[in-house]
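Here is the structure we will look at, set down as structure tokens.
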Amino acid sequence: MKYIDIKVKTAFIVHGFDETNQEIIENINDDKYMRKLISIDRIQSISEDYILVTSSHQRVMYWEYDDTLENLKQKLDSAGLILN
């Protein structure tokens, strides 16, 4: 299993959908970044603002990260994890 080392904080968690198919969202907005080793397999997407990761119980979480998208792309590319 491969991991990426990055500082993140939880922005919000999607717990699923309600009876009208609207997302059930819990806003977290943690104050401090926490350094984590994140399994690459958990990452669904990375944007300028968030890393979308899978969580337990079929939930997904949006994490803010303390880096740039370009730096993350370089880390992933140097590990052979980006297809061009």
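Residues in the structure tokens are named by chain (A, B, ... in the order shown) and by number from 1 within that chain; ligands are numbered from 1 in the order shown.
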Residues within 10 Å of Leu72 (chain A), please, as a PyMOL selection string. Count only C-alpha atoms; anything in the same chain fewer than 4 positions from it doesn't count.
chain A and resi 4-6+46+65+67-68+76-78
Ile40 (chain A) surroundings by only C-alpha atoms, 7 Å radius, close-in-sequence under 3 positions cut, as a list in words:
Lys2, Tyr3, Ile4 and Ile43 of chain A
Just-selected residues, N, CA and C atoms written as a PDB file, in the first residue's frame:
```
ATOM      1  N   LYS A   2       0.504   2.252  -0.760  1.00  0.00           N
ATOM      2  CA  LYS A   2       1.273   3.496  -0.825  1.00  0.00           C
ATOM      3  C   LYS A   2       0.556   4.593  -0.051  1.00  0.00           C
ATOM      4  N   TYR A   3       1.372   5.498   0.521  1.00  0.00           N
ATOM      5  CA  TYR A   3       0.852   6.586   1.342  1.00  0.00           C
ATOM      6  C   TYR A   3       1.448   7.908   0.885  1.00  0.00           C
ATOM      7  N   ILE A   4       0.724   8.993   1.207  1.00  0.00           N
ATOM      8  CA  ILE A   4       1.243  10.333   0.996  1.00  0.00           C
ATOM      9  C   ILE A   4       1.258  11.033   2.347  1.00  0.00           C
ATOM     10  N   ILE A  43      -7.941   8.201  -1.564  1.00  0.00           N
ATOM     11  CA  ILE A  43      -8.126   9.473  -2.259  1.00  0.00           C
ATOM     12  C   ILE A  43      -9.009   9.281  -3.485  1.00  0.00           C
TER      13      ILE A  43
END
```
Point-to-point distance from CA of Lys9 (chain A) to CA of Ile25 (chain A), Å rounded to tenths:
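Atom-to-atom, CA of Lys9 (chain A) and CA of Ile25 (chain A) are spaced 16.0 Å apart.
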For Ser45 (chain A), find every residue with an atom within 12 Å (counting only C-alpha atoms), except residues of its own chain fewer than 4 positions away, and show them as a PDB file with N, CA and C atoms, in the first residue's frame.
```pdb
ATOM      1  N   ILE A  40      -3.086   6.147  -0.435  1.00  0.00           N
ATOM      2  CA  ILE A  40      -3.443   6.630  -1.770  1.00  0.00           C
ATOM      3  C   ILE A  40      -4.780   6.049  -2.213  1.00  0.00           C
ATOM      4  N   ASP A  41      -5.080   4.827  -1.793  1.00  0.00           N
ATOM      5  CA  ASP A  41      -6.335   4.167  -2.181  1.00  0.00           C
ATOM      6  C   ASP A  41      -7.571   4.878  -1.649  1.00  0.00           C
ATOM      7  N   ASP A  49      -8.684  23.220  -3.324  1.00  0.00           N
ATOM      8  CA  ASP A  49      -9.074  23.452  -1.938  1.00  0.00           C
ATOM      9  C   ASP A  49      -9.147  22.203  -1.073  1.00  0.00           C
ATOM     10  N   TYR A  50      -9.522  21.060  -1.676  1.00  0.00           N
ATOM     11  CA  TYR A  50      -9.832  19.884  -0.875  1.00  0.00           C
ATOM     12  C   TYR A  50      -9.224  18.605  -1.441  1.00  0.00           C
ATOM     13  N   ILE A  51      -9.033  17.652  -0.522  1.00  0.00           N
ATOM     14  CA  ILE A  51      -8.791  16.259  -0.879  1.00  0.00           C
ATOM     15  C   ILE A  51     -10.058  15.520  -0.470  1.00  0.00           C
ATOM     16  N   LEU A  52     -10.666  14.829  -1.413  1.00  0.00           N
ATOM     17  CA  LEU A  52     -11.855  14.027  -1.134  1.00  0.00           C
ATOM     18  C   LEU A  52     -11.396  12.605  -0.868  1.00  0.00           C
ATOM     19  N   VAL A  53     -11.708  12.089   0.336  1.00  0.00           N
ATOM     20  CA  VAL A  53     -11.276  10.747   0.721  1.00  0.00           C
ATOM     21  C   VAL A  53     -12.469   9.915   1.174  1.00  0.00           C
ATOM     22  N   THR A  54     -12.334   8.602   1.017  1.00  0.00           N
ATOM     23  CA  THR A  54     -13.352   7.698   1.541  1.00  0.00           C
ATOM     24  C   THR A  54     -13.111   7.508   3.029  1.00  0.00           C
ATOM     25  N   VAL A  60     -17.861   9.918   2.887  1.00  0.00           N
ATOM     26  CA  VAL A  60     -16.697  10.577   2.293  1.00  0.00           C
ATOM     27  C   VAL A  60     -16.414  11.834   3.086  1.00  0.00           C
ATOM     28  N   MET A  61     -15.135  12.224   3.102  1.00  0.00           N
ATOM     29  CA  MET A  61     -14.729  13.411   3.848  1.00  0.00           C
ATOM     30  C   MET A  61     -13.951  14.335   2.928  1.00  0.00           C
ATOM     31  N   TYR A  62     -14.170  15.618   3.109  1.00  0.00           N
ATOM     32  CA  TYR A  62     -13.405  16.637   2.414  1.00  0.00           C
ATOM     33  C   TYR A  62     -12.423  17.222   3.403  1.00  0.00           C
ATOM     34  N   TRP A  63     -11.135  17.102   3.070  1.00  0.00           N
ATOM     35  CA  TRP A  63     -10.081  17.647   3.911  1.00  0.00           C
ATOM     36  C   TRP A  63      -9.448  18.840   3.220  1.00  0.00           C
ATOM     37  N   LEU A  69      -1.794  22.429  -4.853  1.00  0.00           N
ATOM     38  CA  LEU A  69      -2.155  21.350  -5.762  1.00  0.00           C
ATOM     39  C   LEU A  69      -0.952  20.937  -6.601  1.00  0.00           C
ATOM     40  N   LEU A  72       1.345  18.684  -4.569  1.00  0.00           N
ATOM     41  CA  LEU A  72       0.770  17.347  -4.431  1.00  0.00           C
ATOM     42  C   LEU A  72       0.903  16.558  -5.725  1.00  0.00           C
ATOM     43  N   LYS A  73       0.662  17.216  -6.849  1.00  0.00           N
ATOM     44  CA  LYS A  73       0.822  16.547  -8.139  1.00  0.00           C
ATOM     45  C   LYS A  73       2.253  16.073  -8.329  1.00  0.00           C
TER      46      LYS A  73
END
```
What is the distance between CA of Ala79 (chain A) and CA of Gln44 (chain A), in Å to one decimal?
17.2 Å
Taking the backbone alone, and naming residues the way the document does, which bits of chain A are alpha helix (DSSP H) by DSSP, as a list of chain:residue names?
A:Leu69, A:Glu70, A:Asn71, A:Leu72, A:Lys73, A:Gln74, A:Lys75, A:Leu76, A:Asp77, A:Ser78
Return as a compact mmCIF listing (two decimals) with N, CA and C atoms, in the first residue's frame the full set of residues in region 5-78 of chain A whose backbone-based DSSP assignment is strand (DSSP E or B).
```
# COMPACT_ATOMS: atom_id res chain seq x y z
N ASP A 5 2.32 11.76 2.63
CA ASP A 5 2.50 12.49 3.88
C ASP A 5 2.05 13.93 3.64
N ILE A 6 1.01 14.36 4.37
CA ILE A 6 0.46 15.70 4.14
C ILE A 6 -0.25 16.20 5.40
N LYS A 7 -0.30 17.51 5.56
CA LYS A 7 -1.04 18.13 6.66
C LYS A 7 -2.46 18.44 6.18
N VAL A 8 -3.45 17.95 6.93
CA VAL A 8 -4.85 18.15 6.55
C VAL A 8 -5.68 18.53 7.77
N LYS A 9 -6.86 19.07 7.49
CA LYS A 9 -7.87 19.28 8.53
C LYS A 9 -9.23 19.03 7.88
N THR A 10 -10.13 18.43 8.66
CA THR A 10 -11.43 18.07 8.12
C THR A 10 -12.28 19.32 7.92
N ALA A 11 -12.83 19.45 6.72
CA ALA A 11 -13.73 20.56 6.41
C ALA A 11 -15.18 20.11 6.60
N PHE A 12 -15.55 18.99 5.98
CA PHE A 12 -16.88 18.44 6.18
C PHE A 12 -16.93 16.97 5.79
N ILE A 13 -17.97 16.31 6.30
CA ILE A 13 -18.18 14.89 6.07
C ILE A 13 -19.54 14.71 5.43
N VAL A 14 -19.60 13.89 4.39
CA VAL A 14 -20.88 13.54 3.76
C VAL A 14 -21.27 12.17 4.30
N HIS A 15 -22.41 12.13 5.00
CA HIS A 15 -22.86 10.91 5.67
C HIS A 15 -23.79 10.06 4.81
N GLY A 16 -24.11 10.54 3.63
CA GLY A 16 -25.03 9.81 2.76
C GLY A 16 -26.06 10.77 2.21
N PHE A 17 -27.24 10.22 1.94
CA PHE A 17 -28.30 11.00 1.32
C PHE A 17 -29.60 10.82 2.08
N GLU A 23 -27.58 15.43 -0.13
CA GLU A 23 -26.47 15.00 0.73
C GLU A 23 -26.70 15.43 2.18
N ILE A 24 -26.35 14.54 3.09
CA ILE A 24 -26.37 14.85 4.52
C ILE A 24 -24.94 15.24 4.88
N ILE A 25 -24.72 16.54 5.11
CA ILE A 25 -23.38 17.08 5.29
C ILE A 25 -23.20 17.59 6.72
N GLU A 26 -22.09 17.18 7.32
CA GLU A 26 -21.70 17.67 8.64
C GLU A 26 -20.50 18.60 8.46
N ASN A 27 -20.67 19.87 8.77
CA ASN A 27 -19.57 20.83 8.69
C ASN A 27 -18.70 20.69 9.92
N MET A 34 -3.38 18.67 10.84
CA MET A 34 -2.76 17.50 11.45
C MET A 34 -1.99 16.76 10.37
N ARG A 35 -0.77 16.41 10.69
CA ARG A 35 0.05 15.65 9.74
C ARG A 35 -0.44 14.21 9.72
N LYS A 36 -0.70 13.70 8.49
CA LYS A 36 -1.19 12.33 8.34
C LYS A 36 -0.46 11.64 7.21
N LEU A 37 -0.37 10.33 7.33
CA LEU A 37 0.01 9.48 6.23
C LEU A 37 -1.30 8.93 5.68
N ILE A 38 -1.67 9.34 4.48
CA ILE A 38 -2.95 8.96 3.90
C ILE A 38 -2.72 7.89 2.84
N SER A 39 -3.48 6.81 2.94
CA SER A 39 -3.41 5.77 1.93
C SER A 39 -3.89 6.34 0.59
N ILE A 43 -7.94 8.20 -1.56
CA ILE A 43 -8.13 9.47 -2.26
C ILE A 43 -9.01 9.28 -3.49
N GLN A 44 -10.09 10.07 -3.54
CA GLN A 44 -10.99 10.05 -4.68
C GLN A 44 -10.67 11.17 -5.67
N SER A 45 -10.33 12.34 -5.14
CA SER A 45 -9.95 13.47 -5.99
C SER A 45 -9.22 14.52 -5.15
N ILE A 46 -8.50 15.38 -5.87
CA ILE A 46 -7.80 16.49 -5.23
C ILE A 46 -8.09 17.73 -6.06
N TYR A 50 -9.52 21.06 -1.68
CA TYR A 50 -9.83 19.88 -0.87
C TYR A 50 -9.22 18.60 -1.44
N ILE A 51 -9.03 17.65 -0.52
CA ILE A 51 -8.79 16.26 -0.88
C ILE A 51 -10.06 15.52 -0.47
N LEU A 52 -10.67 14.83 -1.41
CA LEU A 52 -11.85 14.03 -1.13
C LEU A 52 -11.40 12.61 -0.87
N VAL A 53 -11.71 12.09 0.34
CA VAL A 53 -11.28 10.75 0.72
C VAL A 53 -12.47 9.92 1.17
N THR A 54 -12.33 8.60 1.02
CA THR A 54 -13.35 7.70 1.54
C THR A 54 -13.11 7.51 3.03
N VAL A 60 -17.86 9.92 2.89
CA VAL A 60 -16.70 10.58 2.29
C VAL A 60 -16.41 11.83 3.09
N MET A 61 -15.13 12.22 3.10
CA MET A 61 -14.73 13.41 3.85
C MET A 61 -13.95 14.33 2.93
N TYR A 62 -14.17 15.62 3.11
CA TYR A 62 -13.41 16.64 2.41
C TYR A 62 -12.42 17.22 3.40
N TRP A 63 -11.13 17.10 3.07
CA TRP A 63 -10.08 17.65 3.91
C TRP A 63 -9.45 18.84 3.22
N GLU A 64 -9.26 19.93 3.97
CA GLU A 64 -8.42 21.02 3.50
C GLU A 64 -6.98 20.59 3.72
N TYR A 65 -6.07 21.02 2.86
CA TYR A 65 -4.68 20.62 3.03
C TYR A 65 -3.77 21.83 3.02
```
Considering only C-alpha atoms, state which residue in the set A:Leu83, A:Glu19, A:Asp66, A:Arg59 is at the smallest distance from Tyr33 (chain A).
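Result for the nearest residue to Tyr33 (chain A): A:Asp66.
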